[in-house]
$ cat structure_1.pdb   # PDB, C-alpha atoms
ATOM      1  CA  MET A   1     -11.092  -8.168   2.043
ATOM      2  CA  ILE A   2      -7.540  -8.729   3.237
ATOM      3  CA  ILE A   3      -5.706  -5.506   4.053
ATOM      4  CA  LEU A   4      -1.929  -5.338   3.865
ATOM      5  CA  GLN A   5       0.128  -2.196   4.363
ATOM      6  CA  VAL A   6       3.480  -1.368   2.808
ATOM      7  CA  VAL A   7       5.320   1.236   4.863
ATOM      8  CA  GLY A   8       8.720   2.907   4.828
ATOM      9  CA  TYR A   9      10.326   6.211   4.059
ATOM     10  CA  GLN A  10      10.591   7.895   0.678
ATOM     11  CA  ASN A  11      12.679   5.954  -1.873
ATOM     12  CA  SER A  12      12.636   2.750   0.184
ATOM     13  CA  GLY A  13      11.001   0.735  -2.603
ATOM     14  CA  LYS A  14       7.355   0.776  -1.478
ATOM     15  CA  THR A  15       5.781   1.511  -4.854
ATOM     16  CA  THR A  16       7.986  -0.950  -6.726
ATOM     17  CA  LEU A  17       7.190  -3.634  -4.159
ATOM     18  CA  ILE A  18       3.463  -2.939  -4.441
ATOM     19  CA  GLU A  19       3.668  -3.288  -8.231
ATOM     20  CA  LYS A  20       5.328  -6.694  -7.803
ATOM     21  CA  ILE A  21       2.763  -7.824  -5.235
ATOM     22  CA  ILE A  22      -0.120  -6.728  -7.476
ATOM     23  CA  LYS A  23       1.274  -8.672 -10.426
ATOM     24  CA  ARG A  24       1.869 -11.810  -8.343
ATOM     25  CA  LEU A  25      -1.574 -11.690  -6.719
ATOM     26  CA  CYS A  26      -3.331 -11.065 -10.033
ATOM     27  CA  ILE A  27      -1.536 -14.057 -11.590
ATOM     28  CA  ASN A  28      -2.946 -16.101  -8.692
ATOM     29  CA  GLY A  29      -6.484 -14.903  -9.387
ATOM     30  CA  TYR A  30      -6.843 -12.266  -6.665
ATOM     31  CA  ARG A  31      -8.683  -8.988  -7.249
ATOM     32  CA  VAL A  32      -6.401  -6.286  -5.866
ATOM     33  CA  GLY A  33      -7.004  -2.658  -4.941
ATOM     34  CA  THR A  34      -4.529  -0.052  -3.755
ATOM     35  CA  LEU A  35      -4.661   3.063  -1.615
ATOM     36  CA  LYS A  36      -1.725   5.444  -1.352
ATOM     37  CA  HIS A  37      -1.266   8.006   1.388
ATOM     38  CA  HIS A  38       0.088  11.227  -0.096
ATOM     39  CA  GLY A  39       2.362  11.835   2.865
ATOM     40  CA  HIS A  40       4.383  14.655   1.354
ATOM     41  CA  GLY A  41       1.619  17.198   1.763
ATOM     42  CA  GLY A  42      -0.210  19.239  -0.817
ATOM     43  CA  LYS A  43      -3.173  18.408  -2.985
ATOM     44  CA  VAL A  44      -3.328  15.362  -5.188
ATOM     45  CA  ALA A  45      -2.798  16.466  -8.781
ATOM     46  CA  LEU A  46      -5.736  16.203 -11.149
ATOM     47  CA  PRO A  47      -5.367  15.830 -14.917
ATOM     48  CA  GLU A  48      -5.258  19.239 -16.545
ATOM     49  CA  GLU A  49      -8.040  20.474 -18.815
ATOM     50  CA  LYS A  50     -10.370  17.518 -18.238
ATOM     51  CA  ASP A  51     -14.083  17.934 -17.597
ATOM     52  CA  THR A  52     -13.974  16.341 -14.131
ATOM     53  CA  THR A  53     -11.084  18.631 -13.161
ATOM     54  CA  ARG A  54     -13.184  21.581 -14.259
ATOM     55  CA  HIS A  55     -16.063  20.253 -12.140
ATOM     56  CA  ALA A  56     -13.777  20.045  -9.090
ATOM     57  CA  GLU A  57     -12.321  23.498  -9.712
ATOM     58  CA  ALA A  58     -15.864  24.876  -9.960
ATOM     59  CA  GLY A  59     -16.516  23.592  -6.444
ATOM     60  CA  ALA A  60     -17.877  20.056  -6.733
ATOM     61  CA  VAL A  61     -17.152  18.171  -3.509
ATOM     62  CA  VAL A  62     -17.280  14.833  -5.346
ATOM     63  CA  CYS A  63     -16.859  14.252  -9.048
ATOM     64  CA  ALA A  64     -16.200  11.165 -11.092
ATOM     65  CA  VAL A  65     -15.821   9.931 -14.607
ATOM     66  CA  GLU A  66     -16.684   6.470 -15.932
ATOM     67  CA  GLY A  67     -15.799   5.106 -19.315
ATOM     68  CA  ASP A  68     -14.934   1.811 -20.936
ATOM     69  CA  GLY A  69     -14.960  -0.058 -17.627
ATOM     70  CA  THR A  70     -12.905   2.471 -15.654
ATOM     71  CA  PHE A  71     -14.260   4.624 -12.823
ATOM     72  CA  LEU A  72     -12.164   7.542 -11.534
ATOM     73  CA  LEU A  73     -13.375   9.307  -8.384
ATOM     74  CA  HIS A  74     -12.223  12.609  -6.898
ATOM     75  CA  ALA A  75     -13.574  13.656  -3.489
ATOM     76  CA  LYS A  76     -12.564  16.729  -1.508
ATOM     77  CA  GLY A  77     -12.269  16.746   2.250
ATOM     78  CA  HIS A  78     -10.141  15.422   5.075
ATOM     79  CA  TRP A  79     -10.350  11.633   4.984
ATOM     80  CA  GLU A  80      -9.598   9.279   7.834
ATOM     81  CA  LEU A  81      -8.373   5.826   6.847
ATOM     82  CA  ASP A  82     -11.555   4.155   8.137
ATOM     83  CA  GLU A  83     -13.651   6.402   5.895
ATOM     84  CA  LEU A  84     -11.510   5.543   2.888
ATOM     85  CA  LEU A  85     -11.761   1.842   3.678
ATOM     86  CA  SER A  86     -15.548   2.075   3.749
ATOM     87  CA  VAL A  87     -15.408   3.281   0.131
ATOM     88  CA  TYR A  88     -13.163   0.354  -0.840
ATOM     89  CA  GLU A  89     -15.584  -2.090   0.773
ATOM     90  CA  ARG A  90     -18.020  -1.256  -2.027
ATOM     91  CA  PHE A  91     -15.681  -2.791  -4.618
ATOM     92  CA  PRO A  92     -15.245  -6.529  -5.301
ATOM     93  CA  LEU A  93     -11.723  -6.825  -3.859
ATOM     94  CA  ASP A  94      -9.907  -9.768  -2.333
ATOM     95  CA  VAL A  95      -6.865  -7.761  -1.227
ATOM     96  CA  LEU A  96      -6.288  -4.078  -0.535
ATOM     97  CA  LEU A  97      -2.671  -2.892  -0.500
ATOM     98  CA  ILE A  98      -2.189   0.343   1.416
ATOM     99  CA  GLU A  99       0.952   2.382   0.825
ATOM    100  CA  GLY A 100       1.654   4.454   3.909
ATOM    101  CA  PHE A 101      -0.500   5.198   6.958
ATOM    102  CA  LYS A 102       2.362   3.802   9.098
ATOM    103  CA  HIS A 103       0.470   3.857  12.384
ATOM    104  CA  ALA A 104      -2.689   2.123  11.169
ATOM    105  CA  PRO A 105      -3.384  -1.250  12.825
ATOM    106  CA  TYR A 106      -3.142  -3.504   9.756
ATOM    107  CA  PRO A 107      -0.472  -6.101   8.928
ATOM    108  CA  LYS A 108       2.587  -4.412   7.499
ATOM    109  CA  ILE A 109       5.494  -4.985   5.183
ATOM    110  CA  VAL A 110       8.241  -2.592   6.275
ATOM    111  CA  CYS A 111      10.689  -1.362   3.629
ATOM    112  CA  LEU A 112      14.059  -0.368   5.075
ATOM    113  CA  ARG A 113      16.417   1.738   2.989
ATOM    114  CA  SER A 114      19.103   1.983   5.692
ATOM    115  CA  ARG A 115      19.808   1.005   9.288
ATOM    116  CA  GLU A 116      18.450   4.389  10.392
ATOM    117  CA  ASP A 117      15.005   3.161   9.320
ATOM    118  CA  GLU A 118      15.045   0.112  11.603
ATOM    119  CA  HIS A 119      12.985   1.886  14.279
ATOM    120  CA  LEU A 120      10.029   1.224  11.936
ATOM    121  CA  LEU A 121      10.277  -2.421  12.984
ATOM    122  CA  HIS A 122       8.642  -1.358  16.261
ATOM    123  CA  LEU A 123       5.396  -0.515  14.502
ATOM    124  CA  LYS A 124       2.420  -2.715  15.331
ATOM    125  CA  ASN A 125       1.598  -5.761  13.194
ATOM    126  CA  VAL A 126       4.814  -6.145  11.198
ATOM    127  CA  LEU A 127       4.473  -9.168   8.924
ATOM    128  CA  ILE A 128       7.906  -8.914   7.284
ATOM    129  CA  SER A 129      10.624  -6.384   6.609
ATOM    130  CA  ILE A 130      12.621  -5.981   3.431
ATOM    131  CA  SER A 131      15.983  -4.251   3.613
ATOM    132  CA  TRP A 132      18.413  -2.760   1.122
ATOM    133  CA  GLN A 133      21.173  -4.136   3.357
ATOM    134  CA  ARG A 134      21.694  -7.666   4.613
ATOM    135  CA  THR A 135      20.453  -7.721   8.220
ATOM    136  CA  ASP A 136      19.218 -10.328  10.657
ATOM    137  CA  GLY A 137      15.453 -10.686  10.658
ATOM    138  CA  SER A 138      14.812  -8.887   7.352
ATOM    139  CA  PHE A 139      14.613 -10.149   3.809
ATOM    140  CA  PHE A 140      17.306  -8.722   1.532
ATOM    141  CA  ILE A 141      15.734  -6.686  -1.275
ATOM    142  CA  GLU A 142      17.196  -9.007  -3.910
ATOM    143  CA  ASP A 143      15.627 -12.115  -2.310
ATOM    144  CA  GLU A 144      12.357 -11.451  -4.115
ATOM    145  CA  GLN A 145      11.270 -15.077  -4.421
ATOM    146  CA  ALA A 146      11.565 -15.614  -0.651
ATOM    147  CA  TYR A 147       9.645 -12.536   0.467
ATOM    148  CA  MET A 148       7.002 -12.920  -2.224
ATOM    149  CA  GLU A 149       6.360 -16.482  -1.045
ATOM    150  CA  ARG A 150       5.854 -15.164   2.498
ATOM    151  CA  ILE A 151       3.466 -12.457   1.301
ATOM    152  CA  ILE A 152       1.421 -14.907  -0.789
ATOM    153  CA  ALA A 153       1.324 -17.327   2.160
ATOM    154  CA  TYR A 154      -0.092 -14.544   4.329
ATOM    155  CA  VAL A 155      -2.798 -13.720   1.784
ATOM    156  CA  LYS A 156      -3.702 -17.422   1.578
ATOM    157  CA  GLY A 157      -3.987 -17.547   5.395
ATOM    158  CA  GLU A 158      -0.914 -19.754   5.798
ATOM    159  CA  GLN A 159       1.274 -17.129   7.534
ATOM    160  CA  HIS A 160       0.517 -14.952  10.541
ATOM    161  CA  VAL A 161       1.826 -11.641  11.832
ATOM    162  CA  CYS A 162       4.607 -11.801  14.434
ATOM    163  CA  ASP A 163       4.346  -8.512  16.293
ATOM    164  CA  ARG A 164       7.857  -7.323  17.229
ATOM    165  CA  SER A 165       6.816  -4.453  19.483
TER     166      SER A 165
END
$ encode --input "structure_1.pdb" --output "structure tokens"
Amino acid sequence: MIILQVVGYQNSGKTTLIEKIIKRLCINGYRVGTLKHHGHGGKVALPEEKDTTRHAEAGAVVCAVEGDGTFLLHAKGHWELDELLSVYERFPLDVLLIEGFKHAPYPKIVCLRSREDEHLLHLKNVLISISWQRTDGSFFIEDEQAYMERIIAYVKGEQHVCDRS
């Protein structure tokens, strides 16, 4: 399973970029999973008035629902990234896109909203950066074809990480 992180601050375009990457990879036949770090604190919201939510509220540490080919899992506890990845290893995935976990050691796409965010380029394993402003060394956010080609090349094993740190 290829792991690729998308990191940046709030409203830098991470989720939109991940949606585009998922669509492009799926068109190319890849099975894609995602994992999002809820970095703003607080509990992850559960759907109201559903049986599995009631199970969790009653104290179940792990609860899940499966139906019509969909499996939704809710597990309480403090989870380290390695523990979460071990769960994902059970699924038939070619690529896992991780939103967040900035300091994890996996190849990264850095989303830059402004020049103040450029210190993120010093993170380990930066594959590419995408900026809302035209800057040297980063793809401009509107140059989607160019940065998507680089991302697909990485997934195919044709592009390698150039660590800038």
$ resolve_selection --input "structure_1.pdb" --expression "the PyMOL selection byres ((chain A and resi 104-117) around 9)" --output "ChimeraX atom specification"
/A:3-14,17,81,100-103,118-121,123-133,135,138,141,151,161
$ closest_residue --input "structure_1.pdb" --among "A:Ala75, A:Leu97, A:Leu85, A:Cys26" --to "Ala56 in chain A" --atoms "all atoms listed in the file"
A:Ala75
$ resolve_selection --input "structure_1.pdb" --expression "the PyMOL selection byres ((chain A and resi 22) around 12)" --output "list in words"
Leu4, Thr15, Thr16, Leu17, Ile18, Glu19, Lys20, Ile21, Lys23, Arg24, Leu25, Cys26, Ile27, Asn28, Gly29, Tyr30, Arg31, Val32, Gly33, Thr34, Asp94, Val95, Leu96, Leu97, Ile98, Met148, Ile151, Ile152 and Val155 of chain A
$ write_last_selection --input "structure_1.pdb" --atoms "C-alpha atoms" --output "PDB file, keeping the file's coordinate frame"
ATOM      1  CA  LEU A   4      -1.929  -5.338   3.865  1.00  0.00           C
ATOM      2  CA  THR A  15       5.781   1.511  -4.854  1.00  0.00           C
ATOM      3  CA  THR A  16       7.986  -0.950  -6.726  1.00  0.00           C
ATOM      4  CA  LEU A  17       7.190  -3.634  -4.159  1.00  0.00           C
ATOM      5  CA  ILE A  18       3.463  -2.939  -4.441  1.00  0.00           C
ATOM      6  CA  GLU A  19       3.668  -3.288  -8.231  1.00  0.00           C
ATOM      7  CA  LYS A  20       5.328  -6.694  -7.803  1.00  0.00           C
ATOM      8  CA  ILE A  21       2.763  -7.824  -5.235  1.00  0.00           C
ATOM      9  CA  LYS A  23       1.274  -8.672 -10.426  1.00  0.00           C
ATOM     10  CA  ARG A  24       1.869 -11.810  -8.343  1.00  0.00           C
ATOM     11  CA  LEU A  25      -1.574 -11.690  -6.719  1.00  0.00           C
ATOM     12  CA  CYS A  26      -3.331 -11.065 -10.033  1.00  0.00           C
ATOM     13  CA  ILE A  27      -1.536 -14.057 -11.590  1.00  0.00           C
ATOM     14  CA  ASN A  28      -2.946 -16.101  -8.692  1.00  0.00           C
ATOM     15  CA  GLY A  29      -6.484 -14.903  -9.387  1.00  0.00           C
ATOM     16  CA  TYR A  30      -6.843 -12.266  -6.665  1.00  0.00           C
ATOM     17  CA  ARG A  31      -8.683  -8.988  -7.249  1.00  0.00           C
ATOM     18  CA  VAL A  32      -6.401  -6.286  -5.866  1.00  0.00           C
ATOM     19  CA  GLY A  33      -7.004  -2.658  -4.941  1.00  0.00           C
ATOM     20  CA  THR A  34      -4.529  -0.052  -3.755  1.00  0.00           C
ATOM     21  CA  ASP A  94      -9.907  -9.768  -2.333  1.00  0.00           C
ATOM     22  CA  VAL A  95      -6.865  -7.761  -1.227  1.00  0.00           C
ATOM     23  CA  LEU A  96      -6.288  -4.078  -0.535  1.00  0.00           C
ATOM     24  CA  LEU A  97      -2.671  -2.892  -0.500  1.00  0.00           C
ATOM     25  CA  ILE A  98      -2.189   0.343   1.416  1.00  0.00           C
ATOM     26  CA  MET A 148       7.002 -12.920  -2.224  1.00  0.00           C
ATOM     27  CA  ILE A 151       3.466 -12.457   1.301  1.00  0.00           C
ATOM     28  CA  ILE A 152       1.421 -14.907  -0.789  1.00  0.00           C
ATOM     29  CA  VAL A 155      -2.798 -13.720   1.784  1.00  0.00           C
TER      30      VAL A 155
END
$ atom_distance --input "structure_1.pdb" --atom1 "CA of Phe91 in chain A" --atom2 "CA of Lys156 in chain A"
19.9 Å
$ residues_around --input "structure_1.pdb" --residues "Leu72 in chain A" --least-positions-apart "6" --cutoff "12 Å" --atoms "all atoms listed in the file" --output "PyMOL selection string"
chain A and resi 46-47+52-53+62-66
$ atom_distance --input "structure_1.pdb" --atom1 "CA of His37 in chain A" --atom2 "CA of His78 in chain A"
12.1 Å
$ atom_distance --input "structure_1.pdb" --atom1 "CA of Val87 in chain A" --atom2 "CA of Glu99 in chain A"
16.4 Å
$ closest_residue --input "structure_1.pdb" --among "A:Arg134, A:Gln159, A:Asp82, A:Ala45" --to "Glu57 in chain A" --atoms "all atoms listed in the file"
A:Ala45
$ axis_aligned_box --input "structure_1.pdb" --around "range 79-91 of chain A" --padding-each-side "4 Å" --output "AutoDock Vina command-line options"
--center_x -13.2 --center_y 4.4 --center_z 1.8 --size_x 17.6 --size_y 22.4 --size_z 20.8
$ decode --input "structure_1.pdb" --residues "range 128-139 of chain A" --atoms "N, CA and C atoms" --output "CSV table (one decimal), in the first residue's frame"
chain,number,residue,atom,x,y,z
A,128,ILE,N,5.8,17.3,-3.3
A,128,ILE,CA,5.6,18.5,-4.0
A,128,ILE,C,4.8,19.5,-3.0
A,129,SER,N,4.8,20.7,-3.4
A,129,SER,CA,4.0,21.7,-2.8
A,129,SER,C,3.1,22.4,-3.8
A,130,ILE,N,1.9,22.8,-3.3
A,130,ILE,CA,1.0,23.5,-4.2
A,130,ILE,C,0.6,24.7,-3.4
A,131,SER,N,0.7,25.9,-4.1
A,131,SER,CA,0.5,27.2,-3.5
A,131,SER,C,-0.6,28.0,-4.1
A,132,TRP,N,-1.2,28.8,-3.3
A,132,TRP,CA,-2.3,29.7,-3.8
A,132,TRP,C,-1.7,30.9,-4.5
A,133,GLN,N,-0.3,31.0,-4.3
A,133,GLN,CA,0.4,32.2,-4.9
A,133,GLN,C,1.5,31.6,-5.8
A,134,ARG,N,1.8,32.3,-6.9
A,134,ARG,CA,2.9,31.8,-7.7
A,134,ARG,C,4.2,32.0,-7.0
A,135,THR,N,4.9,30.9,-6.7
A,135,THR,CA,6.2,30.9,-6.1
A,135,THR,C,7.2,30.0,-6.7
A,136,ASP,N,8.5,30.2,-6.6
A,136,ASP,CA,9.5,29.3,-7.1
A,136,ASP,C,9.4,28.0,-6.3
A,137,GLY,N,9.4,26.9,-7.0
A,137,GLY,CA,9.5,25.6,-6.4
A,137,GLY,C,8.2,25.0,-6.0
A,138,SER,N,7.1,25.7,-6.1
A,138,SER,CA,5.8,25.1,-5.8
A,138,SER,C,4.9,25.2,-7.1
A,139,PHE,N,4.0,24.2,-7.2
A,139,PHE,CA,3.0,24.3,-8.2
A,139,PHE,C,1.9,25.4,-7.9
